[in-house]
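Accompanying notes for the structure given below.
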Amino acid sequence: MAVWDDLVGQDRVQEQLAAAARDADALVTAVAAGEQSPPVSKMTHAWLFTGPPGSGRSTAARAFAAALQCTSPDRAMGGAPGCGFCDGCHTSLVGTHADVEVVRTDLLSIGVKETRDLVRRAQLSPAVGRWQVIVLEDADRLTEGAGNVLLKAVEEPAPRTVWLLCAPSLEDVLPTIRSRCRHLSLRTPPVASVADVLMRRDGIEPEVAASAARATQGHIGRARRLATDEAARARRATVLKLPLRVEDVGGGLRAAQELVDAAAEDAKQVAEEVDTKETEDLKAALGAVAGGRMPRGTAGAMKELEDRQKRRRTRTQRDSLDLALTDLTGFYRDVLALQLGSRVALANEDVRDALDRVARGSSPEWTLRRIEAVLACREALDANVAPLLAVEAMTMALRTG
């Protein structure tokens with residue numbers, strides 16, 4: 001299995017990355033052999049992967065990192081790097097390679113301190129691999145100060161360090177950083193391709209795989225979760241009932257409260273799974289004594305952990321709400337398609353009765369305003385508006401059209 005197998009529907013990007021991996025391999029091999037004039041290489045030290053959610057930005061970056069570290073003996077006979085079986089490929093893909101650092105955040109942003117740590121690591125030579133690779137999955141979450149710290153490292157990279165940045169769009173990254181990166185734009189994978197990979201890699205029944213891929217409109221991660229998690233299917237079903245519940249004020253407000261409560265419950269579940277272990281591990285590291293008493297001078301570290309856990313709960317709640325709003329946008333998109341007589345495939349065919357009812361009871365102009373109301377809610381949440389306030393405003397706008 002080659003490292004590119006999980007990169008669904010991105011043939012053009014795959015070709016570009018495979019070509020760059022071959023150039024990178026030739027360059028390192030020539031330098032290791034002591035050649036005075038290494039071959040001219042198309043390899044570059046900084047890459048920027050952009051694309052809509054679910055397009056596989058981080059998957060592409062991880063696959064490229066594995067190809068850069070590939071040690072397959074077949075390379076000497078003309079084989080392409082990225083075999084997927086050698087130690088370099090395997091450890092890179094599972095996250096245990098000493099020279100591949102994958103950075104993702106469960107917080108709202110990536111700050112200066114974390115970025116400086118990354119920059120220091122990027123200055124090191126590879127310990128066991130062929131390149132030092134930094135995969136930054138959430139480059140769009142860099143604060144302005146963190147972005148300026150990263151800029152210096154991208155401007156003056158170490159000889160064998162490669163930065164792989166991932167973001168939804170070019171506009172989410174500082175212009176000074178993106179101008180120094182090679183840009184690769186990924187697209188939303190075709191629904192049929194996503195269904196195929198769910199059947200092939202996860203053993204999901206064809207009908208379930210097709211339904212999940214269609215409902216998520218090509219988002220691989222969400223499709224896999226929808227196909228395998230009963231709770232995810234139940235939450236989606238609840239969200240898709242919301243358009244029928246906003247016909248009166250009371251129903252709209254109750255629906256808003258339930259939506260926010262469900263997101264808060266998701267955040268609580270994540271916290272229960274992670275926070276307790278983190279807290280106990282930190283206490284042990286700081287030398288907690290019998291009875292749970294902490295040594296002097298450790299209160300600051302405990303407070304920092306509590307603040308980080310609070311920020312993580314906030315992001316988890318927002319992510320859960322954003323997922324619900326995405327499903328809601330898909331519902332009204334299907335309504336609009338029905339009203340306009342479009343022949344595009346419906347994402348929510350399983351709730352066709354509800355789609356028909358809303359389509360008959362409103363006009364395309366109303367539907368467009370409702371889509372705008374959902375998008376406005378997402379923008380309000382991004383601007384730190386209280387979740388219940390933002391969702392209530394949305395449900396009232398959905399009611400009036």
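Identifiers in this document derive from the order of the structure tokens: chains are assigned A, B, ..., residues are numbered from 1 separately in each chain, and ligands are numbered from 1 in order of occurrence.
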**Request:** Tell me which protein, DNA and RNA residues are within 12 Å of Arg233 (chain A), counting only C-alpha atoms, leaving out same-chain ones fewer than 4 positions away, and put them as a ChimeraX atom specification.
**Result:** /A:208,211-212,215-216,222-229,237-240,324,327,350
**Message:** So that I can see what lies close to region 143-145 of chain A, please list as a VMD selection string the residues with an atom at most 10 Å from it, counting only C-alpha atoms and leaving out residues fewer than 2 positions away in the same chain.
**Reply:** chain A and resid 108 to 113 115 139 to 141 147 to 151 173 to 174
Keeping only N, CA, C and O atoms, take the residues you just selected and write them out as a tab-separated table (two decimals), in the first residue's frame.
chain	number	residue	atom	x	y	z
A	108	LEU	N	-8.18	27.07	20.71
A	108	LEU	CA	-8.69	28.03	19.74
A	108	LEU	C	-7.59	28.62	18.87
A	108	LEU	O	-7.85	29.12	17.78
A	109	SER	N	-6.35	28.60	19.38
A	109	SER	CA	-5.26	29.22	18.62
A	109	SER	C	-3.93	28.58	19.00
A	109	SER	O	-3.82	27.86	20.00
A	110	ILE	N	-2.91	28.84	18.17
A	110	ILE	CA	-1.54	28.42	18.44
A	110	ILE	C	-0.74	29.68	18.76
A	110	ILE	O	-0.69	30.60	17.95
A	111	GLY	N	-0.14	29.70	19.93
A	111	GLY	CA	0.52	30.91	20.40
A	111	GLY	C	2.00	30.99	20.08
A	111	GLY	O	2.58	30.10	19.45
A	112	VAL	N	2.62	32.06	20.56
A	112	VAL	CA	4.03	32.34	20.29
A	112	VAL	C	4.93	31.28	20.93
A	112	VAL	O	5.89	30.81	20.30
A	113	LYS	N	4.62	30.90	22.16
A	113	LYS	CA	5.48	29.94	22.87
A	113	LYS	C	5.59	28.62	22.13
A	113	LYS	O	6.69	28.10	21.91
A	115	THR	N	5.01	28.06	18.99
A	115	THR	CA	5.66	28.25	17.69
A	115	THR	C	7.17	28.37	17.84
A	115	THR	O	7.93	27.85	17.02
A	139	ALA	N	-2.46	25.66	10.57
A	139	ALA	CA	-1.73	26.91	10.34
A	139	ALA	C	-2.65	28.12	10.39
A	139	ALA	O	-2.21	29.24	10.66
A	140	ASP	N	-3.94	27.90	10.13
A	140	ASP	CA	-4.90	29.01	10.19
A	140	ASP	C	-5.17	29.48	11.61
A	140	ASP	O	-5.76	30.54	11.81
A	141	ARG	N	-4.75	28.71	12.61
A	141	ARG	CA	-4.99	29.07	14.02
A	141	ARG	C	-3.78	29.77	14.66
A	141	ARG	O	-3.78	30.03	15.86
A	147	GLY	N	2.57	33.81	13.92
A	147	GLY	CA	2.85	33.84	12.49
A	147	GLY	C	4.15	34.56	12.19
A	147	GLY	O	4.94	34.14	11.33
A	148	ASN	N	4.41	35.64	12.91
A	148	ASN	CA	5.66	36.38	12.70
A	148	ASN	C	6.87	35.57	13.14
A	148	ASN	O	7.94	35.66	12.53
A	149	VAL	N	6.70	34.77	14.21
A	149	VAL	CA	7.79	33.89	14.65
A	149	VAL	C	8.08	32.84	13.58
A	149	VAL	O	9.23	32.56	13.25
A	150	LEU	N	7.01	32.26	13.03
A	150	LEU	CA	7.17	31.23	12.00
A	150	LEU	C	7.79	31.80	10.73
A	150	LEU	O	8.57	31.12	10.06
A	151	LEU	N	7.46	33.04	10.41
A	151	LEU	CA	7.97	33.66	9.19
A	151	LEU	C	9.48	33.63	9.14
A	151	LEU	O	10.08	33.33	8.09
A	173	VAL	N	-3.81	32.41	5.99
A	173	VAL	CA	-2.38	32.42	6.33
A	173	VAL	C	-1.81	33.79	6.00
A	173	VAL	O	-2.21	34.43	5.02
A	174	LEU	N	-0.89	34.28	6.83
A	174	LEU	CA	-0.27	35.58	6.59
A	174	LEU	C	0.31	35.66	5.18
A	174	LEU	O	0.95	34.71	4.72
**Item:** CA of Ala347 (chain A) to CA of Asp196 (chain A), straight-line distance in Å
**Value:**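 Separation of CA of Asp196 (chain A) and CA of Ala347 (chain A): 16.9 Å.
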**Message:** List the spatial neighbours of region 367-383 of chain A as a list in words - criterion: any atom at most 8 Å away, only C-alpha atoms, same-chain residues fewer than 4 positions off excluded.
**Reply:**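 With the cut-off at 8 Å, the set is Arg318, Asp322, Leu325, Leu328, Thr329, Tyr332, Arg333, Val335, Leu336, Ser362, Ser363, Pro387, Ala390, Val391, Ala393, Met394, Ala397, Leu398 and Gly401 of chain A.
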**Request:** Could you tell me which of A:Arg180, A:Arg22, A:Arg130, A:Arg235 comes closest to Leu259 (chain A) if we count only C-alpha atoms?
**Result:**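 That would be A:Arg235, the residue with the smallest distance to Leu259 (chain A).
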**Message:** Please determine, counting only C-alpha atoms, which residue among A:Thr105, A:Thr298, A:Thr400, A:Ser320 has the shortest atom-to-atom distance to Val260 (chain A).
**Reply:**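 Nearest to Val260 (chain A): A:Ser320.
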**Request:** Please give the complete set of residues from region 85-140 of chain A that DSSP, run on the backbone, assigns to alpha helix (DSSP H), formatted as a list in words.
**Result:**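 Filtering region 85-140 of chain A to alpha helix (DSSP H) leaves Asp87, Gly88, Cys89, His90, Thr91, Ser92, Leu93, Val94, Val112, Lys113, Glu114, Thr115, Arg116, Asp117, Leu118, Val119, Arg120, Arg121 and Ala122 of chain A.
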Could you write out the selected residues, including N, CA, C and O atoms, as an mmCIF file, in the first residue's frame?
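Final file, out.cif:
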data_model
loop_
_atom_site.group_PDB
_atom_site.id
_atom_site.type_symbol
_atom_site.label_atom_id
_atom_site.label_comp_id
_atom_site.auth_asym_id
_atom_site.auth_seq_id
_atom_site.Cartn_x
_atom_site.Cartn_y
_atom_site.Cartn_z
ATOM 1 N N ASP A 87 10.340 1.152 7.063
ATOM 2 C CA ASP A 87 10.269 1.729 8.413
ATOM 3 C C ASP A 87 10.036 3.235 8.364
ATOM 4 O O ASP A 87 9.285 3.780 9.170
ATOM 5 N N GLY A 88 10.680 3.908 7.406
ATOM 6 C CA GLY A 88 10.504 5.362 7.300
ATOM 7 C C GLY A 88 9.073 5.743 6.996
ATOM 8 O O GLY A 88 8.499 6.648 7.624
ATOM 9 N N CYS A 89 8.446 5.047 6.040
ATOM 10 C CA CYS A 89 7.044 5.334 5.685
ATOM 11 C C CYS A 89 6.113 4.987 6.841
ATOM 12 O O CYS A 89 5.237 5.776 7.219
ATOM 13 N N HIS A 90 6.295 3.787 7.387
ATOM 14 C CA HIS A 90 5.362 3.302 8.421
ATOM 15 C C HIS A 90 5.378 4.200 9.654
ATOM 16 O O HIS A 90 4.326 4.621 10.145
ATOM 17 N N THR A 91 6.565 4.509 10.172
ATOM 18 C CA THR A 91 6.640 5.319 11.387
ATOM 19 C C THR A 91 6.146 6.742 11.140
ATOM 20 O O THR A 91 5.572 7.366 12.035
ATOM 21 N N SER A 92 6.356 7.249 9.941
ATOM 22 C CA SER A 92 5.850 8.597 9.626
ATOM 23 C C SER A 92 4.326 8.618 9.632
ATOM 24 O O SER A 92 3.701 9.545 10.150
ATOM 25 N N LEU A 93 3.711 7.598 9.065
ATOM 26 C CA LEU A 93 2.255 7.559 8.966
ATOM 27 C C LEU A 93 1.584 7.329 10.314
ATOM 28 O O LEU A 93 0.494 7.854 10.571
ATOM 29 N N VAL A 94 2.217 6.546 11.193
ATOM 30 C CA VAL A 94 1.600 6.270 12.499
ATOM 31 C C VAL A 94 2.004 7.292 13.563
ATOM 32 O O VAL A 94 1.500 7.258 14.677
ATOM 33 N N VAL A 112 2.616 32.065 20.559
ATOM 34 C CA VAL A 112 4.031 32.340 20.286
ATOM 35 C C VAL A 112 4.931 31.284 20.926
ATOM 36 O O VAL A 112 5.885 30.807 20.302
ATOM 37 N N LYS A 113 4.620 30.897 22.160
ATOM 38 C CA LYS A 113 5.483 29.943 22.872
ATOM 39 C C LYS A 113 5.589 28.618 22.126
ATOM 40 O O LYS A 113 6.689 28.102 21.914
ATOM 41 N N GLU A 114 4.438 28.066 21.711
ATOM 42 C CA GLU A 114 4.456 26.791 20.990
ATOM 43 C C GLU A 114 5.191 26.911 19.664
ATOM 44 O O GLU A 114 5.930 26.008 19.254
ATOM 45 N N THR A 115 5.014 28.063 18.993
ATOM 46 C CA THR A 115 5.662 28.251 17.692
ATOM 47 C C THR A 115 7.172 28.368 17.843
ATOM 48 O O THR A 115 7.931 27.848 17.022
ATOM 49 N N ARG A 116 7.621 29.033 18.890
ATOM 50 C CA ARG A 116 9.071 29.136 19.121
ATOM 51 C C ARG A 116 9.678 27.760 19.362
ATOM 52 O O ARG A 116 10.793 27.479 18.904
ATOM 53 N N ASP A 117 8.964 26.899 20.081
ATOM 54 C CA ASP A 117 9.452 25.531 20.296
ATOM 55 C C ASP A 117 9.612 24.796 18.969
ATOM 56 O O ASP A 117 10.588 24.065 18.749
ATOM 57 N N LEU A 118 8.643 25.005 18.064
ATOM 58 C CA LEU A 118 8.718 24.369 16.744
ATOM 59 C C LEU A 118 9.903 24.893 15.942
ATOM 60 O O LEU A 118 10.617 24.135 15.282
ATOM 61 N N VAL A 119 10.096 26.201 15.986
ATOM 62 C CA VAL A 119 11.192 26.821 15.234
ATOM 63 C C VAL A 119 12.539 26.295 15.730
ATOM 64 O O VAL A 119 13.446 26.018 14.936
ATOM 65 N N ARG A 120 12.665 26.140 17.060
ATOM 66 C CA ARG A 120 13.918 25.592 17.596
ATOM 67 C C ARG A 120 14.144 24.172 17.090
ATOM 68 O O ARG A 120 15.258 23.791 16.735
ATOM 69 N N ARG A 121 13.074 23.380 17.063
ATOM 70 C CA ARG A 121 13.220 22.013 16.561
ATOM 71 C C ARG A 121 13.604 22.009 15.084
ATOM 72 O O ARG A 121 14.390 21.175 14.633
ATOM 73 N N ALA A 122 13.040 22.938 14.329
ATOM 74 C CA ALA A 122 13.288 22.975 12.889
ATOM 75 C C ALA A 122 14.752 23.270 12.561
ATOM 76 O O ALA A 122 15.201 22.999 11.444
#
**Asked** Taking into account only C-alpha atoms, which residue in the set A:Ala232, A:Val31, A:Ala195, A:Val100 is nearest to Val162 (chain A)?
**Response**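 The closest residue to Val162 (chain A) is A:Val100.
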**Request:** Could you jot down the CA of Ser185 (chain A) to CA of Val13 (chain A) separation for me, Å, one decimal place?
**Result:**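 So the answer is 7.6 Å.
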**Item:** Contacts of Met43 (chain A) within 8 Å, only C-alpha atoms, excl. fewer than 2 positions in-chain, as a PyMOL selection string
**Value:** chain A and resi 20-21+23-24+41+45
Output for the residues just chosen: N, CA, C and O atoms as a CSV table (one decimal), in the first residue's frame:
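Contents of the output file out_26.csv:
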chain,number,residue,atom,x,y,z
A,20,ALA,N,8.0,15.7,-6.4
A,20,ALA,CA,8.8,16.5,-5.4
A,20,ALA,C,9.6,15.5,-4.5
A,20,ALA,O,10.7,15.7,-4.2
A,21,ALA,N,8.9,14.4,-4.2
A,21,ALA,CA,9.5,13.4,-3.3
A,21,ALA,C,10.7,12.7,-4.0
A,21,ALA,O,11.7,12.4,-3.5
A,23,ASP,N,12.5,14.1,-6.4
A,23,ASP,CA,13.6,15.1,-6.5
A,23,ASP,C,14.3,15.2,-5.1
A,23,ASP,O,15.6,15.3,-5.0
A,24,ALA,N,13.5,15.2,-4.0
A,24,ALA,CA,14.1,15.3,-2.7
A,24,ALA,C,15.0,14.0,-2.4
A,24,ALA,O,16.1,14.2,-1.8
A,41,SER,N,17.1,20.5,-8.1
A,41,SER,CA,15.9,19.9,-7.5
A,41,SER,C,14.7,20.9,-7.5
A,41,SER,O,14.9,22.1,-7.3
A,45,HIS,N,11.4,24.0,0.5
A,45,HIS,CA,11.5,23.8,2.0
A,45,HIS,C,10.2,24.1,2.7
A,45,HIS,O,10.0,23.9,3.9
**Item:** Which of A:Leu142, A:Ala255, A:Ala2, A:Ala19 sits closest to Cys86 (chain A) [using only C-alpha atoms]
**Value:** A:Ala2
**Asked** In Å, with one decimal, what is the gap from CA of Arg399 (chain A) to CA of Ser342 (chain A)?
**Response** 24.5 Å
**Prompt:** Quick one: DSSP strand (DSSP E) residues in region 32-237 of chain A, as an NGL selection string?
**Reply:** :A and (46-50 or 100-103 or 132-136 or 161-167 or 182-185)
Generate a file of the selected residues that holds N, CA, C and O atoms, formatted as a short mmCIF file (atom, residue, chain, number, x, y, z; two decimals), in the first residue's frame.
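Saved the output as out.cif:
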data_model
loop_
_atom_site.label_atom_id
_atom_site.label_comp_id
_atom_site.auth_asym_id
_atom_site.auth_seq_id
_atom_site.Cartn_x
_atom_site.Cartn_y
_atom_site.Cartn_z
N ALA A 46 9.21 24.73 1.99
CA ALA A 46 7.94 25.12 2.63
C ALA A 46 6.78 24.89 1.68
O ALA A 46 6.82 25.33 0.52
N TRP A 47 5.75 24.21 2.16
CA TRP A 47 4.58 23.88 1.36
C TRP A 47 3.33 24.32 2.10
O TRP A 47 3.27 24.26 3.34
N LEU A 48 2.33 24.73 1.34
CA LEU A 48 1.05 25.14 1.93
C LEU A 48 -0.07 24.36 1.25
O LEU A 48 -0.29 24.48 0.04
N PHE A 49 -0.76 23.54 2.05
CA PHE A 49 -1.87 22.73 1.55
C PHE A 49 -3.18 23.42 1.93
O PHE A 49 -3.44 23.64 3.12
N THR A 50 -3.99 23.77 0.95
CA THR A 50 -5.28 24.39 1.24
C THR A 50 -6.39 23.58 0.58
O THR A 50 -6.17 22.87 -0.39
N VAL A 100 9.69 13.48 12.20
CA VAL A 100 8.43 14.01 11.69
C VAL A 100 7.59 14.49 12.87
O VAL A 100 7.14 13.70 13.68
N GLU A 101 7.43 15.79 12.96
CA GLU A 101 6.65 16.40 14.04
C GLU A 101 5.30 16.85 13.48
O GLU A 101 5.25 17.72 12.60
N VAL A 102 4.22 16.24 13.95
CA VAL A 102 2.88 16.61 13.52
C VAL A 102 2.24 17.46 14.61
O VAL A 102 2.10 17.02 15.75
N VAL A 103 1.87 18.68 14.25
CA VAL A 103 1.33 19.63 15.22
C VAL A 103 -0.13 19.92 14.90
O VAL A 103 -0.46 20.38 13.82
N GLN A 132 14.13 16.66 8.21
CA GLN A 132 13.40 17.09 9.41
C GLN A 132 12.09 17.71 8.91
O GLN A 132 12.11 18.72 8.20
N VAL A 133 10.95 17.10 9.22
CA VAL A 133 9.67 17.52 8.66
C VAL A 133 8.75 18.01 9.78
O VAL A 133 8.54 17.30 10.77
N ILE A 134 8.22 19.22 9.61
CA ILE A 134 7.25 19.78 10.55
C ILE A 134 5.91 19.90 9.84
O ILE A 134 5.79 20.66 8.87
N VAL A 135 4.92 19.16 10.29
CA VAL A 135 3.57 19.22 9.72
C VAL A 135 2.70 20.04 10.66
O VAL A 135 2.41 19.62 11.79
N LEU A 136 2.28 21.22 10.21
CA LEU A 136 1.44 22.11 11.02
C LEU A 136 0.02 22.04 10.47
O LEU A 136 -0.32 22.70 9.48
N THR A 161 15.35 20.83 6.42
CA THR A 161 14.08 20.96 7.13
C THR A 161 12.98 21.33 6.14
O THR A 161 13.19 22.17 5.26
N VAL A 162 11.83 20.70 6.28
CA VAL A 162 10.69 20.96 5.41
C VAL A 162 9.48 21.31 6.27
O VAL A 162 9.14 20.58 7.20
N TRP A 163 8.84 22.43 5.95
CA TRP A 163 7.61 22.85 6.62
C TRP A 163 6.41 22.49 5.75
O TRP A 163 6.38 22.84 4.57
N LEU A 164 5.43 21.81 6.33
CA LEU A 164 4.20 21.46 5.62
C LEU A 164 3.04 22.09 6.39
O LEU A 164 2.66 21.61 7.47
N LEU A 165 2.49 23.18 5.85
CA LEU A 165 1.42 23.93 6.51
C LEU A 165 0.08 23.58 5.89
O LEU A 165 -0.03 23.45 4.66
N CYS A 166 -0.95 23.47 6.71
CA CYS A 166 -2.30 23.15 6.24
C CYS A 166 -3.28 24.23 6.71
O CYS A 166 -3.24 24.64 7.87
N ALA A 167 -4.13 24.69 5.81
CA ALA A 167 -5.12 25.72 6.14
C ALA A 167 -6.28 25.61 5.16
O ALA A 167 -6.11 25.11 4.04
N ARG A 182 5.26 26.83 -1.44
CA ARG A 182 4.67 26.30 -2.66
C ARG A 182 3.24 25.88 -2.32
O ARG A 182 3.03 25.10 -1.40
N HIS A 183 2.31 26.38 -3.09
CA HIS A 183 0.90 26.19 -2.77
C HIS A 183 0.30 25.01 -3.53
O HIS A 183 0.47 24.89 -4.74
N LEU A 184 -0.41 24.14 -2.81
CA LEU A 184 -1.16 23.04 -3.40
C LEU A 184 -2.61 23.16 -2.96
O LEU A 184 -2.89 23.18 -1.76
N SER A 185 -3.51 23.23 -3.92
CA SER A 185 -4.93 23.38 -3.61
C SER A 185 -5.66 22.06 -3.82
O SER A 185 -5.62 21.47 -4.90
#
**Fill in**
Counting only C-alpha atoms, closest pick from A:Arg313, A:Lys303, A:Ala127, A:Glu155 relative to Gln269 (chain A) is A:Arg313
